[in-house]
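What follows is entry.cif (mmCIF, C-alpha atoms).
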data_work
loop_
_atom_site.label_atom_id
_atom_site.label_comp_id
_atom_site.auth_asym_id
_atom_site.auth_seq_id
_atom_site.Cartn_x
_atom_site.Cartn_y
_atom_site.Cartn_z
CA MET X 1 -34.38 30.47 -37.86
CA ALA X 2 -35.03 29.96 -34.16
CA LEU X 3 -38.29 30.96 -32.46
CA THR X 4 -38.33 32.26 -28.93
CA GLY X 5 -40.59 31.57 -25.98
CA ARG X 6 -42.16 35.02 -26.50
CA THR X 7 -43.42 33.86 -29.90
CA ALA X 8 -45.03 30.76 -28.43
CA LEU X 9 -46.64 32.82 -25.68
CA LEU X 10 -48.14 35.32 -28.15
CA ALA X 11 -49.45 32.49 -30.35
CA ALA X 12 -51.11 30.86 -27.34
CA LEU X 13 -52.64 34.10 -26.08
CA GLY X 14 -54.02 34.94 -29.53
CA SER X 15 -55.42 31.48 -30.19
CA LEU X 16 -57.17 31.14 -26.83
CA PRO X 17 -59.95 33.73 -27.35
CA VAL X 18 -60.45 32.61 -30.97
CA GLY X 19 -60.84 29.01 -29.87
CA ILE X 20 -63.37 29.97 -27.19
CA LEU X 21 -65.41 32.71 -28.93
CA ALA X 22 -65.20 32.00 -32.67
CA PRO X 23 -63.40 28.76 -33.47
CA SER X 24 -62.77 28.83 -37.21
CA TRP X 25 -59.94 28.82 -39.74
CA THR X 26 -60.65 32.46 -40.39
CA GLY X 27 -60.15 33.35 -36.75
CA MET X 28 -56.93 31.36 -36.52
CA LEU X 29 -55.65 33.03 -39.69
CA ALA X 30 -56.56 36.47 -38.30
CA VAL X 31 -54.34 35.81 -35.29
CA ASN X 32 -51.43 33.93 -36.84
CA ALA X 33 -51.00 35.93 -40.02
CA PRO X 34 -49.92 39.13 -38.25
CA LEU X 35 -47.77 37.09 -35.89
CA SER X 36 -46.08 35.34 -38.81
CA LEU X 37 -45.45 38.67 -40.50
CA ALA X 38 -43.96 40.04 -37.29
CA ILE X 39 -41.70 36.98 -37.01
CA LEU X 40 -40.42 37.40 -40.57
CA CYS X 41 -39.76 41.10 -40.04
CA ASP X 42 -38.00 40.43 -36.75
CA TYR X 43 -35.84 37.75 -38.39
CA ALA X 44 -34.96 40.12 -41.23
CA LEU X 45 -33.94 42.86 -38.80
CA ALA X 46 -31.72 40.58 -36.70
CA ALA X 47 -27.99 41.13 -37.21
CA PRO X 48 -26.41 38.50 -39.48
CA VAL X 49 -24.30 35.85 -37.78
CA ARG X 50 -22.05 34.74 -40.61
CA THR X 51 -20.32 38.11 -40.97
CA LEU X 52 -19.29 38.31 -37.30
CA ARG X 53 -15.55 38.20 -36.62
CA PHE X 54 -13.96 36.59 -33.55
CA THR X 55 -10.53 36.67 -31.94
CA ARG X 56 -9.27 35.00 -28.76
CA THR X 57 -6.78 36.08 -26.11
CA GLY X 58 -5.97 34.86 -22.61
CA ASP X 59 -4.31 32.00 -20.77
CA THR X 60 -2.74 29.12 -22.64
CA SER X 61 -1.85 27.01 -19.58
CA VAL X 62 -3.13 26.52 -16.04
CA ARG X 63 -2.37 24.14 -13.18
CA LEU X 64 -5.02 21.58 -12.36
CA GLY X 65 -7.44 22.99 -9.81
CA GLU X 66 -6.57 26.63 -10.50
CA ASP X 67 -8.56 29.26 -12.43
CA ALA X 68 -7.90 30.46 -15.98
CA LYS X 69 -9.57 32.97 -18.28
CA VAL X 70 -9.88 33.13 -22.05
CA SER X 71 -11.35 36.23 -23.69
CA LEU X 72 -13.41 36.22 -26.88
CA THR X 73 -13.69 39.49 -28.84
CA ILE X 74 -16.76 39.82 -31.10
CA THR X 75 -16.68 42.36 -33.93
CA ASN X 76 -19.98 43.31 -35.61
CA PRO X 77 -19.28 44.70 -39.13
CA SER X 78 -22.95 44.79 -40.18
CA ARG X 79 -25.26 47.81 -40.17
CA ARG X 80 -27.56 46.29 -37.57
CA SER X 81 -27.02 46.14 -33.83
CA LEU X 82 -26.30 42.64 -32.54
CA ARG X 83 -28.40 41.40 -29.62
CA ALA X 84 -27.33 37.83 -29.03
CA HIS X 85 -26.74 34.90 -26.75
CA VAL X 86 -23.29 33.34 -27.24
CA ARG X 87 -22.20 29.87 -26.21
CA ASP X 88 -18.44 29.34 -26.12
CA ALA X 89 -18.23 25.54 -26.12
CA TRP X 90 -15.35 23.68 -24.45
CA PRO X 91 -14.97 20.09 -23.17
CA PRO X 92 -17.04 19.38 -20.03
CA SER X 93 -13.92 18.80 -17.91
CA SER X 94 -13.04 22.49 -18.31
CA TRP X 95 -15.30 23.24 -15.33
CA PRO X 96 -16.62 21.45 -12.24
CA THR X 97 -19.73 19.36 -12.81
CA GLY X 98 -22.71 21.54 -13.77
CA ALA X 99 -20.77 24.81 -13.94
CA ASP X 100 -20.53 24.84 -17.75
CA GLN X 101 -24.20 25.88 -18.07
CA THR X 102 -23.39 29.33 -16.71
CA ALA X 103 -19.67 29.71 -17.44
CA SER X 104 -19.86 29.13 -21.20
CA ARG X 105 -22.99 31.18 -21.97
CA HIS X 106 -23.02 34.94 -22.38
CA GLY X 107 -25.51 37.63 -23.33
CA VAL X 108 -24.09 40.49 -25.41
CA THR X 109 -25.13 43.58 -27.34
CA VAL X 110 -22.75 44.88 -30.01
CA PRO X 111 -23.70 48.08 -31.88
CA SER X 112 -22.96 48.32 -35.58
CA GLY X 113 -19.26 48.60 -36.33
CA GLU X 114 -18.18 48.03 -32.73
CA ARG X 115 -16.69 45.16 -30.77
CA ARG X 116 -17.24 43.61 -27.35
CA ARG X 117 -15.14 41.27 -25.24
CA LEU X 118 -16.54 38.23 -23.43
CA THR X 119 -14.49 36.39 -20.82
CA THR X 120 -14.94 32.69 -20.09
CA ALA X 121 -13.63 31.50 -16.71
CA PHE X 122 -12.26 27.96 -16.40
CA ARG X 123 -11.49 25.62 -13.53
CA PRO X 124 -10.40 22.34 -15.16
CA THR X 125 -10.91 19.01 -13.42
CA ARG X 126 -8.51 16.92 -15.55
CA ARG X 127 -5.01 17.28 -16.96
CA GLY X 128 -4.31 17.60 -20.66
CA ASP X 129 -5.12 19.88 -23.56
CA ARG X 130 -8.56 21.48 -23.74
CA GLN X 131 -9.48 22.45 -27.29
CA ALA X 132 -12.07 25.15 -27.96
CA ASP X 133 -15.12 23.84 -29.82
CA ARG X 134 -17.66 25.89 -31.80
CA ILE X 135 -18.92 29.33 -30.88
CA THR X 136 -22.69 29.31 -31.32
CA VAL X 137 -24.38 32.69 -31.74
CA ARG X 138 -28.14 33.28 -31.61
CA SER X 139 -28.88 36.80 -32.92
CA TYR X 140 -32.30 38.18 -31.93
CA GLY X 141 -34.43 40.74 -33.73
CA PRO X 142 -35.69 43.91 -32.04
CA LEU X 143 -39.03 42.29 -31.13
CA GLY X 144 -37.44 39.19 -29.63
CA LEU X 145 -39.67 36.86 -31.64
CA ALA X 146 -37.15 35.15 -33.94
CA ALA X 147 -33.39 34.72 -34.12
CA ARG X 148 -30.68 33.88 -36.58
CA GLN X 149 -28.33 31.13 -35.42
CA GLY X 150 -24.92 30.07 -36.64
CA SER X 151 -21.58 28.68 -35.49
CA HIS X 152 -17.95 29.71 -35.88
CA ARG X 153 -14.73 27.93 -35.04
CA VAL X 154 -11.97 29.94 -33.38
CA PRO X 155 -9.14 27.55 -32.35
CA TRP X 156 -7.56 27.87 -28.93
CA THR X 157 -5.78 25.38 -26.67
CA LEU X 158 -5.67 25.54 -22.89
CA ARG X 159 -3.09 23.12 -21.46
CA VAL X 160 -3.92 21.88 -17.97
CA LEU X 161 -0.69 21.11 -16.12
CA PRO X 162 -0.13 18.74 -13.17
CA PRO X 163 -0.87 20.52 -9.87
CA PHE X 164 2.51 19.76 -8.18
CA THR X 165 0.93 19.64 -4.72
CA SER X 166 4.13 18.24 -3.20
CA ARG X 167 5.87 21.60 -3.79
CA LYS X 168 5.20 22.35 -0.09
CA HIS X 169 7.80 19.70 0.84
CA LEU X 170 10.56 21.31 -1.24
CA PRO X 171 11.87 23.90 1.29
CA SER X 172 12.50 21.31 4.01
CA ARG X 173 14.28 18.99 1.57
CA LEU X 174 16.39 21.85 0.24
CA ALA X 175 17.46 22.64 3.81
CA ARG X 176 18.62 19.06 4.21
CA LEU X 177 20.37 19.25 0.86
CA ARG X 178 22.29 22.37 1.96
CA GLU X 179 23.30 20.51 5.09
CA LEU X 180 24.64 17.64 3.02
CA ASP X 181 26.28 20.01 0.57
CA GLY X 182 28.53 21.48 3.24
CA ARG X 183 26.94 24.91 3.34
CA THR X 184 26.39 24.52 7.08
CA SER X 185 28.66 23.22 9.82
CA VAL X 186 27.57 19.62 9.28
CA LEU X 187 29.77 17.95 6.67
CA THR X 188 29.61 14.40 5.44
CA ARG X 189 32.09 11.96 4.08
CA GLY X 190 31.38 8.80 2.19
CA GLN X 191 32.43 6.69 -0.73
CA GLY X 192 32.11 8.60 -3.98
CA THR X 193 31.95 12.10 -2.42
CA GLU X 194 33.88 15.09 -3.75
CA PHE X 195 36.63 17.00 -1.95
CA ASP X 196 35.37 20.42 -0.86
CA SER X 197 37.93 22.32 1.23
CA LEU X 198 40.45 22.23 4.08
CA ARG X 199 39.89 23.52 7.61
CA ASP X 200 41.46 23.26 11.03
CA TYR X 201 40.87 20.15 13.06
CA VAL X 202 38.42 20.42 15.95
CA PRO X 203 37.81 17.76 18.61
CA GLY X 204 35.32 15.22 17.39
CA ASP X 205 36.39 15.21 13.73
CA ASP X 206 37.06 11.86 12.10
CA THR X 207 40.82 11.30 12.21
CA ARG X 208 40.62 9.60 8.83
CA SER X 209 39.82 13.02 7.35
CA ILE X 210 43.19 14.49 8.41
CA ASP X 211 45.26 15.72 5.46
CA TRP X 212 48.81 14.97 6.62
CA ARG X 213 50.53 16.87 3.82
CA ALA X 214 48.57 20.04 4.54
CA THR X 215 49.20 19.51 8.26
CA ALA X 216 52.96 19.35 7.63
CA ARG X 217 52.90 22.51 5.51
CA GLN X 218 50.81 24.59 7.93
CA ASN X 219 52.17 23.23 11.22
CA ALA X 220 48.53 22.74 12.29
CA VAL X 221 46.29 19.70 12.10
CA THR X 222 44.11 20.12 8.98
CA VAL X 223 41.17 18.01 7.88
CA ARG X 224 39.46 17.64 4.56
CA THR X 225 35.75 18.37 4.15
CA TRP X 226 33.62 16.61 1.59
CA ARG X 227 30.38 17.19 -0.23
CA PRO X 228 28.12 14.88 -2.24
CA GLU X 229 29.07 14.54 -5.86
CA ARG X 230 27.39 16.80 -8.38
CA ASP X 231 26.44 16.36 -12.00
CA ARG X 232 25.05 12.87 -11.42
CA HIS X 233 22.49 11.57 -13.91
CA ILE X 234 18.94 10.69 -12.80
CA LEU X 235 16.44 9.05 -15.13
CA VAL X 236 12.81 9.11 -13.96
CA VAL X 237 10.82 6.34 -15.69
CA LEU X 238 7.01 6.50 -15.55
CA ASP X 239 5.13 3.29 -16.17
CA THR X 240 2.02 4.43 -18.09
CA GLY X 241 0.55 0.95 -18.58
CA ARG X 242 -2.78 -0.36 -17.30
CA THR X 243 -1.75 -0.48 -13.64
CA SER X 244 -1.24 3.30 -13.64
CA ALA X 245 -4.90 3.84 -14.53
CA GLY X 246 -6.18 2.64 -11.15
CA ARG X 247 -7.40 5.25 -8.69
CA VAL X 248 -6.18 5.39 -5.11
CA GLY X 249 -8.69 7.48 -3.22
CA ASP X 250 -9.45 10.49 -5.42
CA VAL X 251 -6.09 10.43 -7.22
CA PRO X 252 -5.09 8.23 -10.20
CA ARG X 253 -1.88 6.31 -9.57
CA LEU X 254 -0.26 8.03 -12.54
CA ASP X 255 -0.98 11.49 -11.14
CA ALA X 256 0.52 10.58 -7.76
CA ALA X 257 3.61 9.25 -9.53
CA MET X 258 3.89 12.47 -11.55
CA ASP X 259 3.75 14.56 -8.38
CA ALA X 260 6.57 12.50 -6.86
CA ALA X 261 8.63 12.83 -10.06
CA LEU X 262 8.26 16.62 -10.06
CA LEU X 263 9.42 16.98 -6.45
CA LEU X 264 12.39 14.71 -7.09
CA ALA X 265 13.31 16.62 -10.25
CA ALA X 266 13.10 19.99 -8.48
CA LEU X 267 15.31 18.73 -5.64
CA ALA X 268 17.85 16.98 -7.88
CA SER X 269 18.23 19.97 -10.18
CA ARG X 270 18.99 22.17 -7.14
CA ALA X 271 21.59 19.59 -6.11
CA GLY X 272 23.41 20.02 -9.42
CA ASP X 273 22.29 16.68 -10.86
CA ARG X 274 20.95 16.15 -14.37
CA VAL X 275 17.37 14.87 -14.61
CA ASP X 276 15.74 13.17 -17.60
CA LEU X 277 12.24 11.73 -18.00
CA LEU X 278 10.92 8.70 -19.83
CA ALA X 279 7.23 7.69 -19.95
CA TYR X 280 6.73 4.21 -21.37
CA ASP X 281 4.23 1.36 -21.69
CA ARG X 282 4.65 -0.35 -25.06
CA ARG X 283 6.28 2.67 -26.65
CA ILE X 284 7.71 5.98 -25.52
CA ARG X 285 4.84 8.31 -24.57
CA ALA X 286 6.99 11.25 -23.47
CA GLN X 287 10.70 11.99 -23.17
CA VAL X 288 12.67 14.92 -21.77
CA GLN X 289 16.45 14.93 -22.13
CA GLY X 290 19.36 17.31 -21.86
CA ARG X 291 17.58 20.24 -20.21
CA ALA X 292 19.41 22.76 -18.07
CA ALA X 293 18.63 22.98 -14.37
CA GLY X 294 16.52 26.10 -14.80
CA ASP X 295 14.48 24.59 -17.64
CA ILE X 296 13.94 21.04 -16.41
CA LEU X 297 10.87 21.63 -14.24
CA PRO X 298 8.85 23.57 -16.86
CA ALA X 299 9.80 20.97 -19.47
CA LEU X 300 8.68 18.11 -17.23
CA VAL X 301 5.40 19.79 -16.33
CA SER X 302 4.59 20.43 -19.97
CA ALA X 303 5.50 16.89 -21.03
CA LEU X 304 3.50 15.26 -18.22
CA ALA X 305 0.38 17.34 -18.83
CA THR X 306 -0.87 15.30 -21.79
CA ILE X 307 0.11 11.80 -20.64
CA GLU X 308 -2.79 9.46 -19.95
CA PRO X 309 -2.66 5.80 -18.84
CA GLU X 310 -2.85 3.22 -21.61
CA LEU X 311 -4.95 0.10 -20.97
CA VAL X 312 -2.20 -2.26 -22.12
CA GLU X 313 0.32 -4.40 -20.30
CA THR X 314 3.67 -2.65 -20.01
CA ASP X 315 6.47 -4.18 -22.08
CA ALA X 316 9.19 -4.57 -19.43
CA ARG X 317 11.88 -5.54 -21.95
CA GLY X 318 11.12 -2.51 -24.09
CA LEU X 319 11.11 -0.29 -21.01
CA SER X 320 14.47 -1.67 -19.91
CA ALA X 321 15.98 -1.18 -23.37
CA ALA X 322 14.69 2.40 -23.56
CA ALA X 323 16.07 3.18 -20.10
CA LEU X 324 19.48 1.72 -20.94
CA ALA X 325 19.59 3.76 -24.14
CA CYS X 326 18.84 7.00 -22.27
CA ALA X 327 20.95 6.62 -19.13
CA PRO X 328 24.77 6.66 -19.07
CA ARG X 329 26.52 4.15 -16.84
CA GLY X 330 26.28 4.86 -13.13
CA SER X 331 22.94 6.67 -13.30
CA LEU X 332 20.12 6.54 -10.78
CA ILE X 333 17.05 5.05 -12.47
CA VAL X 334 13.83 5.84 -10.60
CA LEU X 335 11.05 3.56 -11.83
CA LEU X 336 7.54 4.66 -10.79
CA THR X 337 5.42 1.55 -11.23
CA THR X 338 3.25 -0.91 -9.34
CA LEU X 339 4.24 -3.49 -6.72
CA ASP X 340 1.61 -5.97 -7.88
CA ALA X 341 3.08 -9.44 -7.97
CA ALA X 342 2.26 -10.45 -11.56
CA PRO X 343 3.70 -7.43 -13.43
CA ILE X 344 6.85 -7.48 -11.28
CA GLU X 345 7.54 -11.22 -11.32
CA GLU X 346 6.65 -11.81 -14.97
CA GLY X 347 7.82 -8.49 -16.40
CA LEU X 348 10.40 -6.58 -14.37
CA LEU X 349 12.37 -9.25 -12.48
CA PRO X 350 13.68 -11.07 -15.60
CA VAL X 351 15.17 -7.83 -17.01
CA LEU X 352 16.24 -6.30 -13.70
CA PRO X 353 19.84 -7.62 -13.81
CA LEU X 354 20.41 -5.63 -17.03
CA LEU X 355 19.62 -2.45 -15.10
CA THR X 356 21.23 -3.15 -11.73
CA GLN X 357 24.62 -4.20 -13.13
CA ARG X 358 25.07 -0.75 -14.71
CA HIS X 359 22.92 1.58 -12.60
CA THR X 360 21.47 2.23 -9.18
CA VAL X 361 17.79 1.33 -9.39
CA LEU X 362 15.01 2.70 -7.21
CA VAL X 363 11.41 1.46 -7.54
CA ALA X 364 8.62 3.65 -6.16
CA SER X 365 4.99 2.58 -5.94
CA VAL X 366 1.71 4.11 -4.81
CA ALA X 367 0.11 2.25 -1.90
CA ASP X 368 -3.62 2.33 -1.18
CA PRO X 369 -4.32 3.80 2.29
CA GLN X 370 -7.67 2.02 2.29
CA ILE X 371 -5.81 -1.29 2.63
CA SER X 372 -4.33 -0.21 5.96
CA GLN X 373 -7.74 0.89 7.19
CA MET X 374 -9.28 -2.44 6.20
CA THR X 375 -6.74 -4.38 8.27
CA ARG X 376 -8.17 -2.81 11.44
CA GLY X 377 -11.73 -3.97 10.79
CA ARG X 378 -12.90 -6.49 13.38
CA GLY X 379 -16.44 -5.47 14.34
CA THR X 380 -18.44 -7.53 11.84
CA ILE X 381 -18.06 -10.69 9.78
CA GLU X 382 -17.59 -8.55 6.66
CA GLY X 383 -14.96 -6.51 8.48
CA VAL X 384 -13.04 -9.64 9.45
CA TYR X 385 -13.02 -10.91 5.87
CA GLU X 386 -11.92 -7.48 4.61
CA ALA X 387 -9.14 -7.38 7.20
CA ALA X 388 -7.94 -10.82 6.12
CA ALA X 389 -7.95 -9.81 2.45
CA ALA X 390 -6.12 -6.57 3.21
CA THR X 391 -3.49 -8.36 5.29
CA GLN X 392 -2.95 -10.83 2.48
CA GLU X 393 -2.51 -7.96 0.01
CA GLN X 394 0.04 -6.28 2.29
CA SER X 395 1.95 -9.56 2.56
CA ARG X 396 2.06 -9.90 -1.23
CA ARG X 397 3.39 -6.37 -1.63
CA ALA X 398 6.00 -6.94 1.08
CA HIS X 399 7.08 -10.17 -0.63
CA THR X 400 7.38 -8.39 -3.98
CA ALA X 401 9.41 -5.60 -2.39
CA ALA X 402 11.71 -8.16 -0.76
CA GLN X 403 12.30 -9.82 -4.14
CA LEU X 404 13.33 -6.48 -5.63
CA GLU X 405 15.61 -5.69 -2.69
CA ARG X 406 17.41 -9.02 -3.12
CA HIS X 407 18.40 -7.77 -6.57
CA GLY X 408 19.89 -4.63 -5.06
CA VAL X 409 16.89 -2.38 -5.73
CA THR X 410 15.78 0.28 -3.26
CA VAL X 411 11.98 0.19 -2.82
CA VAL X 412 9.66 3.02 -1.76
CA ASP X 413 6.05 2.03 -1.10
CA ALA X 414 3.91 4.90 0.21
CA THR X 415 0.45 6.45 -0.03
CA PRO X 416 -0.19 9.23 -2.59
CA GLU X 417 0.32 11.96 0.03
CA GLU X 418 3.54 10.40 1.35
CA LEU X 419 5.13 9.10 -1.85
CA ALA X 420 6.73 12.37 -3.02
CA PRO X 421 8.46 13.28 0.27
CA ALA X 422 9.45 9.64 0.87
CA LEU X 423 11.06 9.40 -2.57
CA SER X 424 12.97 12.64 -2.00
CA ASP X 425 14.17 11.40 1.39
CA VAL X 426 15.56 8.23 -0.20
CA TYR X 427 17.32 10.33 -2.84
CA LEU X 428 18.95 12.45 -0.13
CA ALA X 429 19.95 9.30 1.78
CA LEU X 430 21.61 7.88 -1.34
CA LYS X 431 23.57 11.10 -1.81
CA ALA X 432 24.59 11.15 1.85
CA ALA X 433 25.82 7.57 1.57
CA GLY X 434 27.84 8.36 -1.55
CA ARG X 435 25.86 5.95 -3.74
CA LEU X 436 25.27 8.58 -6.42
#
Rewrite the structure of this file - the entire thing - as C-alpha cells.
Amino acid sequence: MALTGRTALLAALGSLPVGILAPSWTGMLAVNAPLSLAILCDYALAAPVRTLRFTRTGDTSVRLGEDAKVSLTITNPSRRSLRAHVRDAWPPSSWPTGADQTASRHGVTVPSGERRRLTTAFRPTRRGDRQADRITVRSYGPLGLAARQGSHRVPWTLRVLPPFTSRKHLPSRLARLRELDGRTSVLTRGQGTEFDSLRDYVPGDDTRSIDWRATARQNAVTVRTWRPERDRHILVVLDTGRTSAGRVGDVPRLDAAMDAALLLAALASRAGDRVDLLAYDRRIRAQVQGRAAGDILPALVSALATIEPELVETDARGLSAAALACAPRGSLIVLLTTLDAAPIEEGLLPVLPLLTQRHTVLVASVADPQISQMTRGRGTIEGVYEAAAATQEQSRRAHTAAQLERHGVTVVDATPEELAPALSDVYLALKAAGRL
C-alpha cells in the first residue's frame, strides 16, 4: 500500500482543530478512524496491479544522438478501472541528464477490459545495448487516498549504434574514387594496377602506355588505360586497450577510431575491396569477416555498438597473431591505436616486422587538438610551461611516427574531426600509387 499526499493533507486538516479545541485520544480517534476506513475502502477499490498485462513494440536500434521510441501497451483484465502512474525504467544514459524524470513517467487511465498504449521517447547519450528494467505501476483508488503498487518485467533491448558523423565526407571521396577508377577522363597507371581498356592516343598521353600490337592491327596509335586493382583485402584493427579509453575533447578515442573505420569501410566497399574488422586488447572483442559489400557497413555498425575500452594493456603479440590469422598475404592492415611512446616501443615495434613483411601496414592515431592550442600559450608563466610540455609531447609523437615509418609503416596522426577524412585520403593515395 502507498499513501498519497491527499491522505496526509486530510489527516493534518482533521487533527488541527482537534489539537486546538479538544486535544484528547477520543478526538484523534474521531478524526482518524473515518480516514482510515476511507483509505482501506479506496485501496480495496483500486485496480489490481499483478493481473495487468504488458507488451512492447517500437525501435530496436538507434544511432547515437538520434531519437527513438518504444511503445508499452497496458491491458487491464480486471473489473475495475485502472487509474495509475507508470514508470518505465531504463538506464540513465537512455536520455540526456535530467530528462528521465519526465520521459519515463506516464499517467494513464485504462477502463475495465481495455488497453492503452504509452510511448517512451529516448535520446541515448552512450553507445551499446540499453536493457529495459522494471515497469512500476501505482494504481490509485477512486478517492485518491491510497494506491496499490507493483512491478513487472517486460524485456526489450535498444541498441545504440555509432553515430557515423564522418558520413558527410563520403561523397567527395567517392568522386575521387571514380576519378581513379577510370570512370572520368582522368586515368592512372601504376605498379599493380589492372588493365581497363584501349583507346586512341591523344597528345599528352604517356608513351609507355602505347599498345604496339593493337596499334599495328588498327593502323592507329592505341594506348592502354588502367584502373586500380579491385578485390583487395583490408583488415581494420581496433585497439580496445586502456589507451582507447582516454577522451579527446568530448569524444573518447575509441569512438573517433570507430568513426574513421566506418568511413574507410564504406569507401573501400564501394571500391570493390573486401573489408574485415578485428577489435582486440588481450582477446578478440569483436570480429567481422567475409561480408558482402552491401552488408559490410551494417555488420560493422552492429559489431562496434557494444565495444567498450578495456582498462588493460594491449597484448601486441596477440594482436599481431590475430591479424596475421585473419588477413591473407598482401592485405592492407589498418591499425587504429595510440602513438604514445611506451605502448609502441615496448609492444608494437618488436612484432612489426611480422606484419610488414607480408602486408602493407597503416597506423592511425587520434591526436589531441588541445596540445596544439597549448603550444601557442605565451602570455603567462603557466602558459609558457604548458607550451613547453605540449611541444615536448608533439616531439615524442613525431619521433614515434618516424620510428614506425622507418619500418615501412604509413602513419596518420589527426584530430578526431580530421582522422576519418585523412585516413580515407591515405587509402585513396595508396590505391592511386598501386600499393594495394
Report as a VMD selection string the full result of the PyMOL selection byres ((chain X and resi 283-300) around 10) when it is applied to this structure.
chain X and resid 161 to 162 235 to 240 258 261 to 263 265 to 266 268 to 282 301 to 310 314 to 315 318 to 319 322 326 to 327
Go through the shown structure with the PyMOL selection byres ((chain X and resi 364) around 7) and write out the matching residues as a PyMOL selection string.
chain X and resi 335-337+362-363+365+411-413
With distances taken over all atoms listed in the file, which of X:Ser94, X:Gln370, X:Thr215, X:Ser172 is nearest to Asp425 of chain X?
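Looking at the shortest contact to Asp425 of chain X, the residue is X:Ser172.
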Would you please work out which residue, of X:His152, X:Lys69, X:His169, X:Arg105, is nearest to Ala121 of chain X when using all atoms listed in the file?
X:Lys69
List the residues matched by the PyMOL selection byres ((chain X and resi 397) around 12) in the displayed structure as a JSON list (two decimals) with C-alpha atoms, in the frame of the given file, ordered by chain and then by residue number.
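Saved as selection32.json:
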[["chain", "number", "residue", "atom", "x", "y", "z"],
["X", 338, "THR", "CA", 3.25, -0.91, -9.34],
["X", 339, "LEU", "CA", 4.24, -3.49, -6.72],
["X", 340, "ASP", "CA", 1.61, -5.97, -7.88],
["X", 341, "ALA", "CA", 3.08, -9.44, -7.97],
["X", 342, "ALA", "CA", 2.26, -10.45, -11.56],
["X", 343, "PRO", "CA", 3.70, -7.43, -13.43],
["X", 344, "ILE", "CA", 6.85, -7.48, -11.28],
["X", 345, "GLU", "CA", 7.54, -11.22, -11.32],
["X", 365, "SER", "CA", 4.99, 2.58, -5.94],
["X", 366, "VAL", "CA", 1.71, 4.11, -4.81],
["X", 367, "ALA", "CA", 0.11, 2.25, -1.90],
["X", 368, "ASP", "CA", -3.62, 2.33, -1.18],
["X", 371, "ILE", "CA", -5.81, -1.29, 2.63],
["X", 390, "ALA", "CA", -6.12, -6.57, 3.21],
["X", 391, "THR", "CA", -3.49, -8.36, 5.29],
["X", 392, "GLN", "CA", -2.95, -10.83, 2.48],
["X", 393, "GLU", "CA", -2.51, -7.96, 0.01],
["X", 394, "GLN", "CA", 0.04, -6.28, 2.29],
["X", 395, "SER", "CA", 1.95, -9.56, 2.56],
["X", 396, "ARG", "CA", 2.06, -9.90, -1.23],
["X", 398, "ALA", "CA", 6.00, -6.94, 1.08],
["X", 399, "HIS", "CA", 7.08, -10.17, -0.63],
["X", 400, "THR", "CA", 7.38, -8.39, -3.98],
["X", 401, "ALA", "CA", 9.41, -5.60, -2.39],
["X", 402, "ALA", "CA", 11.71, -8.16, -0.76],
["X", 403, "GLN", "CA", 12.30, -9.82, -4.14],
["X", 404, "LEU", "CA", 13.33, -6.48, -5.63],
["X", 411, "VAL", "CA", 11.98, 0.19, -2.82],
["X", 412, "VAL", "CA", 9.66, 3.02, -1.76],
["X", 413, "ASP", "CA", 6.05, 2.03, -1.10],
["X", 414, "ALA", "CA", 3.91, 4.90, 0.21]]
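For the atom pair formed by atom CA of Ile74 of chain X and atom CA of Leu118 of chain X, the distance is 7.8 Å, given to one decimal.
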Using only C-alpha atoms - which residues lie no farther than 6 Å from the point (22.5, 11.1, -14.8) in the file's frame? Write them as a ChimeraX atom specification.
/X:232-234,274,331
Using Å and a single decimal, report how far atom CA of Trp156 of chain X sits from atom CA of Thr60 of chain X.
8.0 Å
Just want the 10 Å neighbourhood of Leu72 of chain X, counted on all atoms listed in the file, with same-chain residues fewer than 4 positions away dropped. Output as a ChimeraX atom specification.
/X:54-58,88,116-120,135,154
Kindly indicate which residue among X:Asp59, X:Glu417, X:Glu114, X:Asp42 lies nearest to Thr73 of chain X, using all atoms listed in the file for the distances.
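Checking each of X:Asp59, X:Glu417, X:Glu114, X:Asp42 against Thr73 of chain X, counting all atoms listed in the file, the winner is X:Glu114.
Of note, atom CA of Arg317 of chain X and atom CA of Arg253 of chain X are spaced 22.0 Å apart.
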Considering all atoms listed in the file, state which residue in the set X:Arg63, X:Lys168, X:Arg153, X:His407 is at the smallest distance from Arg126 of chain X.
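Going through X:Arg63, X:Lys168, X:Arg153, X:His407 one by one, the smallest distance to Arg126 of chain X is for X:Arg63.
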May I have the residues at most 12 Å from (-45.8, 36.1, -36.3) in the file's coordinates, counting all atoms listed in the file, as a count of residues only?
29
Could you give me, as a PyMOL selection string, the residues within 7 Å of Ala420 of chain X, counting all atoms listed in the file and dropping anything in the same chain fewer than 3 positions from it?
chain X and resi 166+259-260+263+423-424
Take the selection from the previous step and output its residues with C-alpha atoms, as a tab-separated table (two decimals), in the coordinates of the input.
chain	number	residue	atom	x	y	z
X	166	SER	CA	4.13	18.24	-3.20
X	259	ASP	CA	3.75	14.56	-8.38
X	260	ALA	CA	6.57	12.50	-6.86
X	263	LEU	CA	9.42	16.98	-6.45
X	423	LEU	CA	11.06	9.40	-2.57
X	424	SER	CA	12.97	12.64	-2.00
Selected residue, from X:Val137, X:Leu170, X:Leu13, X:Leu254, that lies nearest to Ala422 of chain X when counting all atoms listed in the file:
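Closest candidate: X:Leu170.
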Write out as a ChimeraX atom specification each polymer residue whose atoms come within 8 Å of Ser320 of chain X, counting only C-alpha atoms; drop sequence neighbours fewer than 5 positions from it.
/X:351-352,354-355
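Checking X:Pro203, X:Pro171, X:Pro77, X:Gly5 one by one against Val49 of chain X, counting all atoms listed in the file, you find the shortest gap at X:Pro77.
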Selection near segment 205-211 of chain X, 7 Å with all atoms listed in the file, sequence-local residues under 6 positions removed, as a list in words:
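Residues near the query, excluding close chain neighbours: Thr222, Val223 and Arg224 of chain X.
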With 8 Å on each side, where is the centre of the axis-aligned box around all listed atoms of segment 199-214 of chain X, and how long are its edges in Å to one decimal, as AutoDock Vina command-line options?
--center_x 42.9 --center_y 16.6 --center_z 11.2 --size_x 31.2 --size_y 29.9 --size_z 30.8
